[in-house]
Amino acid sequence: MNGLGADLEELALLANALGGPAMGGPTVLVCPPATLITGALERAGGRFKIGGQNCHHAEKGAFTGEISARMLADAGATHVIVGHSERRTLAGETNSEVLEKARAA
């Protein structure tokens, strides 16, 4: 729950400084909040991979506030974090729930 659109300028500066794999730079994955995925893709200019911070195991449905792996991909994300310690501790996610999310991703 960190980051606003204005913060993406820092991502653009970093992407320009590091280059990317095609320019001999490192492979970098950035996972911003879902609201910033599209903007992050634009600012990274193809130099970084962009992923989501979480996904729901279902492809669609009445899961208010959740985002599916398909929705992340539609926004341009190529990766997603599942099983993060904060989700497991604060939201009580279990191994089986993490497995469902990994399969969905």
# chains A, B, ... in the order shown; residues from 1 in each chain; ligands from 1
$ select_by_dssp --residues "chain A" --states "alpha helix (DSSP H)" --output "PyMOL selection string"
chain A and resi 8-18+37-44+69-75+85-90+95-104
$ closest_atom_pairs --of "stretch 18-52 of chain A" --to "stretch 9-13 of chain A" --cutoff "8 Å" --atoms "only C-alpha atoms" --output "tab-separated table"
residue	atom	partner	partner_atom	distance
A:Ala40	CA	A:Leu11	CA	7.3
A:Arg43	CA	A:Ala12	CA	4.8
A:Ala44	CA	A:Ala12	CA	5.4
A:Gly45	CA	A:Ala12	CA	7.8
$ write_last_selection --atoms "all heavy atoms" --output "compact mmCIF listing (two decimals), in the first residue's frame"
# COMPACT_ATOMS: atom_id res chain seq x y z
N ALA A 40 3.61 1.97 -14.52
CA ALA A 40 4.95 1.42 -14.35
C ALA A 40 5.47 0.85 -15.66
O ALA A 40 6.65 1.02 -16.00
CB ALA A 40 4.95 0.36 -13.25
N ARG A 43 6.56 3.82 -17.78
CA ARG A 43 7.78 4.47 -17.30
C ARG A 43 9.00 3.58 -17.44
O ARG A 43 10.10 4.07 -17.67
CB ARG A 43 7.65 4.89 -15.84
CG ARG A 43 6.55 5.85 -15.50
CD ARG A 43 6.64 7.16 -16.23
NE ARG A 43 5.80 8.21 -15.71
CZ ARG A 43 4.48 8.16 -15.55
NH1 ARG A 43 3.82 7.08 -15.84
NH2 ARG A 43 3.83 9.21 -15.09
N ALA A 44 8.83 2.28 -17.30
CA ALA A 44 9.97 1.36 -17.39
C ALA A 44 10.44 1.19 -18.83
O ALA A 44 11.57 0.76 -19.06
CB ALA A 44 9.61 0.01 -16.78
N GLY A 45 9.58 1.50 -19.77
CA GLY A 45 9.97 1.45 -21.17
C GLY A 45 10.51 0.10 -21.63
O GLY A 45 11.39 0.04 -22.47
$ atom_distance --atom1 "atom CA of A:Arg103" --atom2 "atom CA of A:Ala69"
9.8 Å
$ closest_residue --among "A:Leu90, A:Ala105, A:Ile37, A:Asn16" --to "A:Lys49" --atoms "only C-alpha atoms"
A:Ile37
$ atom_distance --atom1 "atom CA of A:Leu8" --atom2 "atom CA of A:Gly39"
7.1 Å
$ closest_residue --among "A:Lys101, A:Arg87, A:His79, A:His57" --to "A:Val28" --atoms "only C-alpha atoms"
A:His79
$ residues_around --residues "A:Arg47" --least-positions-apart "3" --cutoff "10 Å" --atoms "only C-alpha atoms" --output "ChimeraX atom specification"
/A:12,14-16,18-23,25-29,41,43-44,50
$ write_last_selection --atoms "C-alpha atoms" --output "PDB file, in the first residue's frame"
ATOM      1  CA  ALA A  12      11.714   5.911 -14.989  1.00  0.00           C
ATOM      2  CA  LEU A  14      16.092   3.981 -12.415  1.00  0.00           C
ATOM      3  CA  ALA A  15      15.142   2.225 -15.660  1.00  0.00           C
ATOM      4  CA  ASN A  16      17.142   4.757 -17.675  1.00  0.00           C
ATOM      5  CA  LEU A  18      20.228   0.619 -15.304  1.00  0.00           C
ATOM      6  CA  GLY A  19      19.224  -0.022 -18.890  1.00  0.00           C
ATOM      7  CA  GLY A  20      17.955  -3.554 -19.111  1.00  0.00           C
ATOM      8  CA  PRO A  21      18.995  -7.011 -20.318  1.00  0.00           C
ATOM      9  CA  ALA A  22      18.984  -5.916 -23.968  1.00  0.00           C
ATOM     10  CA  MET A  23      21.420  -3.131 -23.046  1.00  0.00           C
ATOM     11  CA  GLY A  25      21.891  -4.295 -17.694  1.00  0.00           C
ATOM     12  CA  PRO A  26      20.313  -6.501 -15.038  1.00  0.00           C
ATOM     13  CA  THR A  27      16.949  -8.233 -15.218  1.00  0.00           C
ATOM     14  CA  VAL A  28      14.710  -6.357 -12.775  1.00  0.00           C
ATOM     15  CA  LEU A  29      11.187  -7.185 -11.609  1.00  0.00           C
ATOM     16  CA  LEU A  41       4.994  -0.345 -17.705  1.00  0.00           C
ATOM     17  CA  ARG A  43       7.776   4.475 -17.303  1.00  0.00           C
ATOM     18  CA  ALA A  44       9.970   1.360 -17.386  1.00  0.00           C
ATOM     19  CA  ILE A  50       6.345  -5.569 -14.058  1.00  0.00           C
TER      20      ILE A  50
END
$ atom_distance --atom1 "atom CA of A:Thr89" --atom2 "atom CA of A:Phe48"
29.1 Å
$ closest_residue --among "A:Cys31, A:Asp7, A:Cys55, A:Met1" --to "A:Val82" --atoms "only C-alpha atoms"
A:Cys55
$ select_by_dssp --residues "stretch 1-96 of chain A" --states "strand (DSSP E)" --output "PyMOL selection string"
chain A and resi 29-30+49-52+79-80
$ write_last_selection --atoms "N, CA, C and O atoms" --output "mmCIF file, in the first residue's frame"
data_model
loop_
_atom_site.group_PDB
_atom_site.id
_atom_site.type_symbol
_atom_site.label_atom_id
_atom_site.label_comp_id
_atom_site.auth_asym_id
_atom_site.auth_seq_id
_atom_site.Cartn_x
_atom_site.Cartn_y
_atom_site.Cartn_z
ATOM 1 N N LEU A 29 12.634 -7.028 -11.736
ATOM 2 C CA LEU A 29 11.187 -7.185 -11.609
ATOM 3 C C LEU A 29 10.709 -6.206 -10.551
ATOM 4 O O LEU A 29 11.214 -6.201 -9.435
ATOM 5 N N VAL A 30 9.743 -5.378 -10.918
ATOM 6 C CA VAL A 30 9.136 -4.423 -10.001
ATOM 7 C C VAL A 30 7.670 -4.792 -9.857
ATOM 8 O O VAL A 30 6.979 -5.002 -10.856
ATOM 9 N N LYS A 49 10.697 -5.863 -15.891
ATOM 10 C CA LYS A 49 9.483 -6.670 -15.888
ATOM 11 C C LYS A 49 8.587 -6.098 -14.791
ATOM 12 O O LYS A 49 9.077 -5.649 -13.753
ATOM 13 N N ILE A 50 7.291 -6.120 -15.021
ATOM 14 C CA ILE A 50 6.345 -5.569 -14.058
ATOM 15 C C ILE A 50 5.397 -6.677 -13.609
ATOM 16 O O ILE A 50 4.852 -7.408 -14.441
ATOM 17 N N GLY A 51 5.213 -6.786 -12.307
ATOM 18 C CA GLY A 51 4.338 -7.815 -11.759
ATOM 19 C C GLY A 51 3.351 -7.241 -10.770
ATOM 20 O O GLY A 51 3.418 -6.064 -10.407
ATOM 21 N N GLY A 52 2.423 -8.084 -10.339
ATOM 22 C CA GLY A 52 1.436 -7.711 -9.334
ATOM 23 C C GLY A 52 1.879 -8.148 -7.948
ATOM 24 O O GLY A 52 2.739 -9.025 -7.808
ATOM 25 N N HIS A 79 4.298 -11.160 -13.991
ATOM 26 C CA HIS A 79 4.595 -11.932 -12.789
ATOM 27 C C HIS A 79 3.628 -11.503 -11.688
ATOM 28 O O HIS A 79 2.971 -10.469 -11.795
ATOM 29 N N VAL A 80 3.591 -12.302 -10.613
ATOM 30 C CA VAL A 80 2.804 -11.931 -9.435
ATOM 31 C C VAL A 80 3.432 -12.590 -8.204
ATOM 32 O O VAL A 80 3.983 -13.686 -8.297
#
$ closest_residue --among "A:Glu97, A:Asn54, A:Ala91, A:Ala102" --to "A:Met71" --atoms "only C-alpha atoms"
A:Asn54
$ residues_around --residues "A:Lys60" --least-positions-apart "4" --cutoff "10 Å" --atoms "only C-alpha atoms" --output "list in words"
His56, Glu66, Ile67, Ser68, Ala69, Arg70 and Met71 of chain A
$ residues_around --residues "A:Thr38" --least-positions-apart "2" --cutoff "10 Å" --atoms "only C-alpha atoms" --output "PDB file with all heavy atoms, in the first residue's frame"
ATOM      1  N   PRO A  32       4.588  -3.118  -8.342  1.00  0.00           N
ATOM      2  CA  PRO A  32       3.903  -1.992  -7.704  1.00  0.00           C
ATOM      3  C   PRO A  32       2.467  -2.371  -7.352  1.00  0.00           C
ATOM      4  O   PRO A  32       1.977  -3.432  -7.768  1.00  0.00           O
ATOM      5  CB  PRO A  32       3.919  -0.923  -8.800  1.00  0.00           C
ATOM      6  CG  PRO A  32       3.806  -1.720 -10.064  1.00  0.00           C
ATOM      7  CD  PRO A  32       4.605  -2.978  -9.799  1.00  0.00           C
ATOM      8  N   ALA A  34      -1.466  -2.589  -7.786  1.00  0.00           N
ATOM      9  CA  ALA A  34      -2.199  -2.823  -9.035  1.00  0.00           C
ATOM     10  C   ALA A  34      -2.592  -1.522  -9.729  1.00  0.00           C
ATOM     11  O   ALA A  34      -2.618  -1.459 -10.962  1.00  0.00           O
ATOM     12  CB  ALA A  34      -3.431  -3.677  -8.767  1.00  0.00           C
ATOM     13  N   THR A  35      -2.857  -0.480  -8.970  1.00  0.00           N
ATOM     14  CA  THR A  35      -3.255   0.800  -9.564  1.00  0.00           C
ATOM     15  C   THR A  35      -2.128   1.444 -10.361  1.00  0.00           C
ATOM     16  O   THR A  35      -2.387   2.357 -11.154  1.00  0.00           O
ATOM     17  CB  THR A  35      -3.722   1.788  -8.481  1.00  0.00           C
ATOM     18  OG1 THR A  35      -2.662   1.967  -7.532  1.00  0.00           O
ATOM     19  CG2 THR A  35      -4.979   1.288  -7.788  1.00  0.00           C
ATOM     20  N   LEU A  36      -0.896   0.987 -10.170  1.00  0.00           N
ATOM     21  CA  LEU A  36       0.256   1.596 -10.841  1.00  0.00           C
ATOM     22  C   LEU A  36       0.880   0.712 -11.920  1.00  0.00           C
ATOM     23  O   LEU A  36       1.870   1.104 -12.535  1.00  0.00           O
ATOM     24  CB  LEU A  36       1.322   1.966  -9.813  1.00  0.00           C
ATOM     25  CG  LEU A  36       0.904   2.951  -8.719  1.00  0.00           C
ATOM     26  CD1 LEU A  36       2.065   3.226  -7.774  1.00  0.00           C
ATOM     27  CD2 LEU A  36       0.396   4.238  -9.330  1.00  0.00           C
ATOM     28  N   ALA A  40       3.611   1.973 -14.522  1.00  0.00           N
ATOM     29  CA  ALA A  40       4.952   1.423 -14.349  1.00  0.00           C
ATOM     30  C   ALA A  40       5.474   0.852 -15.660  1.00  0.00           C
ATOM     31  O   ALA A  40       6.647   1.024 -16.000  1.00  0.00           O
ATOM     32  CB  ALA A  40       4.952   0.358 -13.254  1.00  0.00           C
ATOM     33  N   LEU A  41       4.601   0.188 -16.400  1.00  0.00           N
ATOM     34  CA  LEU A  41       4.994  -0.345 -17.705  1.00  0.00           C
ATOM     35  C   LEU A  41       5.431   0.783 -18.632  1.00  0.00           C
ATOM     36  O   LEU A  41       6.445   0.671 -19.330  1.00  0.00           O
ATOM     37  CB  LEU A  41       3.834  -1.114 -18.342  1.00  0.00           C
ATOM     38  CG  LEU A  41       3.576  -2.497 -17.774  1.00  0.00           C
ATOM     39  CD1 LEU A  41       2.199  -2.985 -18.170  1.00  0.00           C
ATOM     40  CD2 LEU A  41       4.650  -3.458 -18.259  1.00  0.00           C
ATOM     41  N   GLU A  42       4.688   1.862 -18.639  1.00  0.00           N
ATOM     42  CA  GLU A  42       5.026   3.002 -19.488  1.00  0.00           C
ATOM     43  C   GLU A  42       6.357   3.611 -19.082  1.00  0.00           C
ATOM     44  O   GLU A  42       7.206   3.888 -19.930  1.00  0.00           O
ATOM     45  CB  GLU A  42       3.921   4.056 -19.412  1.00  0.00           C
ATOM     46  CG  GLU A  42       2.616   3.615 -20.035  1.00  0.00           C
ATOM     47  CD  GLU A  42       1.455   4.549 -19.721  1.00  0.00           C
ATOM     48  OE1 GLU A  42       1.653   5.569 -19.012  1.00  0.00           O
ATOM     49  OE2 GLU A  42       0.343   4.245 -20.176  1.00  0.00           O
ATOM     50  N   ARG A  43       6.556   3.822 -17.784  1.00  0.00           N
ATOM     51  CA  ARG A  43       7.776   4.475 -17.303  1.00  0.00           C
ATOM     52  C   ARG A  43       9.003   3.584 -17.443  1.00  0.00           C
ATOM     53  O   ARG A  43      10.102   4.068 -17.668  1.00  0.00           O
ATOM     54  CB  ARG A  43       7.652   4.892 -15.840  1.00  0.00           C
ATOM     55  CG  ARG A  43       6.549   5.851 -15.505  1.00  0.00           C
ATOM     56  CD  ARG A  43       6.643   7.162 -16.234  1.00  0.00           C
ATOM     57  NE  ARG A  43       5.804   8.207 -15.712  1.00  0.00           N
ATOM     58  CZ  ARG A  43       4.484   8.159 -15.547  1.00  0.00           C
ATOM     59  NH1 ARG A  43       3.817   7.085 -15.835  1.00  0.00           N
ATOM     60  NH2 ARG A  43       3.827   9.206 -15.087  1.00  0.00           N
ATOM     61  N   ILE A  50       7.291  -6.120 -15.021  1.00  0.00           N
ATOM     62  CA  ILE A  50       6.345  -5.569 -14.058  1.00  0.00           C
ATOM     63  C   ILE A  50       5.397  -6.677 -13.609  1.00  0.00           C
ATOM     64  O   ILE A  50       4.852  -7.408 -14.441  1.00  0.00           O
ATOM     65  CB  ILE A  50       5.541  -4.395 -14.669  1.00  0.00           C
ATOM     66  CG1 ILE A  50       6.482  -3.303 -15.202  1.00  0.00           C
ATOM     67  CG2 ILE A  50       4.548  -3.842 -13.653  1.00  0.00           C
ATOM     68  CD1 ILE A  50       7.329  -2.604 -14.145  1.00  0.00           C
ATOM     69  N   LEU A  72      -4.411  -9.050 -13.920  1.00  0.00           N
ATOM     70  CA  LEU A  72      -3.043  -8.530 -13.878  1.00  0.00           C
ATOM     71  C   LEU A  72      -2.385  -8.642 -15.245  1.00  0.00           C
ATOM     72  O   LEU A  72      -1.746  -7.696 -15.716  1.00  0.00           O
ATOM     73  CB  LEU A  72      -2.212  -9.286 -12.835  1.00  0.00           C
ATOM     74  CG  LEU A  72      -2.580  -9.041 -11.383  1.00  0.00           C
ATOM     75  CD1 LEU A  72      -1.837 -10.023 -10.477  1.00  0.00           C
ATOM     76  CD2 LEU A  72      -2.285  -7.610 -10.980  1.00  0.00           C
ATOM     77  N   ASP A  74      -3.863  -8.764 -18.085  1.00  0.00           N
ATOM     78  CA  ASP A  74      -4.530  -7.819 -18.981  1.00  0.00           C
ATOM     79  C   ASP A  74      -3.967  -6.404 -18.813  1.00  0.00           C
ATOM     80  O   ASP A  74      -3.906  -5.635 -19.769  1.00  0.00           O
ATOM     81  CB  ASP A  74      -6.040  -7.831 -18.720  1.00  0.00           C
ATOM     82  CG  ASP A  74      -6.806  -6.976 -19.707  1.00  0.00           C
ATOM     83  OD1 ASP A  74      -6.707  -7.241 -20.928  1.00  0.00           O
ATOM     84  OD2 ASP A  74      -7.498  -6.040 -19.263  1.00  0.00           O
ATOM     85  N   ALA A  75      -3.531  -6.086 -17.596  1.00  0.00           N
ATOM     86  CA  ALA A  75      -2.928  -4.778 -17.330  1.00  0.00           C
ATOM     87  C   ALA A  75      -1.479  -4.721 -17.802  1.00  0.00           C
ATOM     88  O   ALA A  75      -0.883  -3.655 -17.828  1.00  0.00           O
ATOM     89  CB  ALA A  75      -3.004  -4.457 -15.836  1.00  0.00           C
ATOM     90  N   GLY A  76      -0.905  -5.882 -18.149  1.00  0.00           N
ATOM     91  CA  GLY A  76       0.459  -5.925 -18.655  1.00  0.00           C
ATOM     92  C   GLY A  76       1.466  -6.583 -17.734  1.00  0.00           C
ATOM     93  O   GLY A  76       2.639  -6.705 -18.070  1.00  0.00           O
ATOM     94  N   ALA A  77       1.025  -7.028 -16.570  1.00  0.00           N
ATOM     95  CA  ALA A  77       1.929  -7.696 -15.634  1.00  0.00           C
ATOM     96  C   ALA A  77       2.322  -9.072 -16.172  1.00  0.00           C
ATOM     97  O   ALA A  77       1.510  -9.766 -16.774  1.00  0.00           O
ATOM     98  CB  ALA A  77       1.273  -7.843 -14.271  1.00  0.00           C
TER      99      ALA A  77
END
$ decode --residues "stretch 41-55 of chain A" --atoms "C-alpha atoms" --output "PDB file, in the first residue's frame"
ATOM      1  CA  LEU A  41       4.994  -0.345 -17.705  1.00  0.00           C
ATOM      2  CA  GLU A  42       5.026   3.002 -19.488  1.00  0.00           C
ATOM      3  CA  ARG A  43       7.776   4.475 -17.303  1.00  0.00           C
ATOM      4  CA  ALA A  44       9.970   1.360 -17.386  1.00  0.00           C
ATOM      5  CA  GLY A  45       9.975   1.445 -21.172  1.00  0.00           C
ATOM      6  CA  GLY A  46      10.419  -2.309 -21.458  1.00  0.00           C
ATOM      7  CA  ARG A  47      13.610  -2.287 -19.375  1.00  0.00           C
ATOM      8  CA  PHE A  48      11.973  -3.854 -16.287  1.00  0.00           C
ATOM      9  CA  LYS A  49       9.483  -6.670 -15.888  1.00  0.00           C
ATOM     10  CA  ILE A  50       6.345  -5.569 -14.058  1.00  0.00           C
ATOM     11  CA  GLY A  51       4.338  -7.815 -11.759  1.00  0.00           C
ATOM     12  CA  GLY A  52       1.436  -7.711  -9.334  1.00  0.00           C
ATOM     13  CA  GLN A  53       1.660  -7.884  -5.560  1.00  0.00           C
ATOM     14  CA  ASN A  54      -1.043 -10.496  -5.105  1.00  0.00           C
ATOM     15  CA  CYS A  55      -3.826 -12.288  -6.957  1.00  0.00           C
TER      16      CYS A  55
END
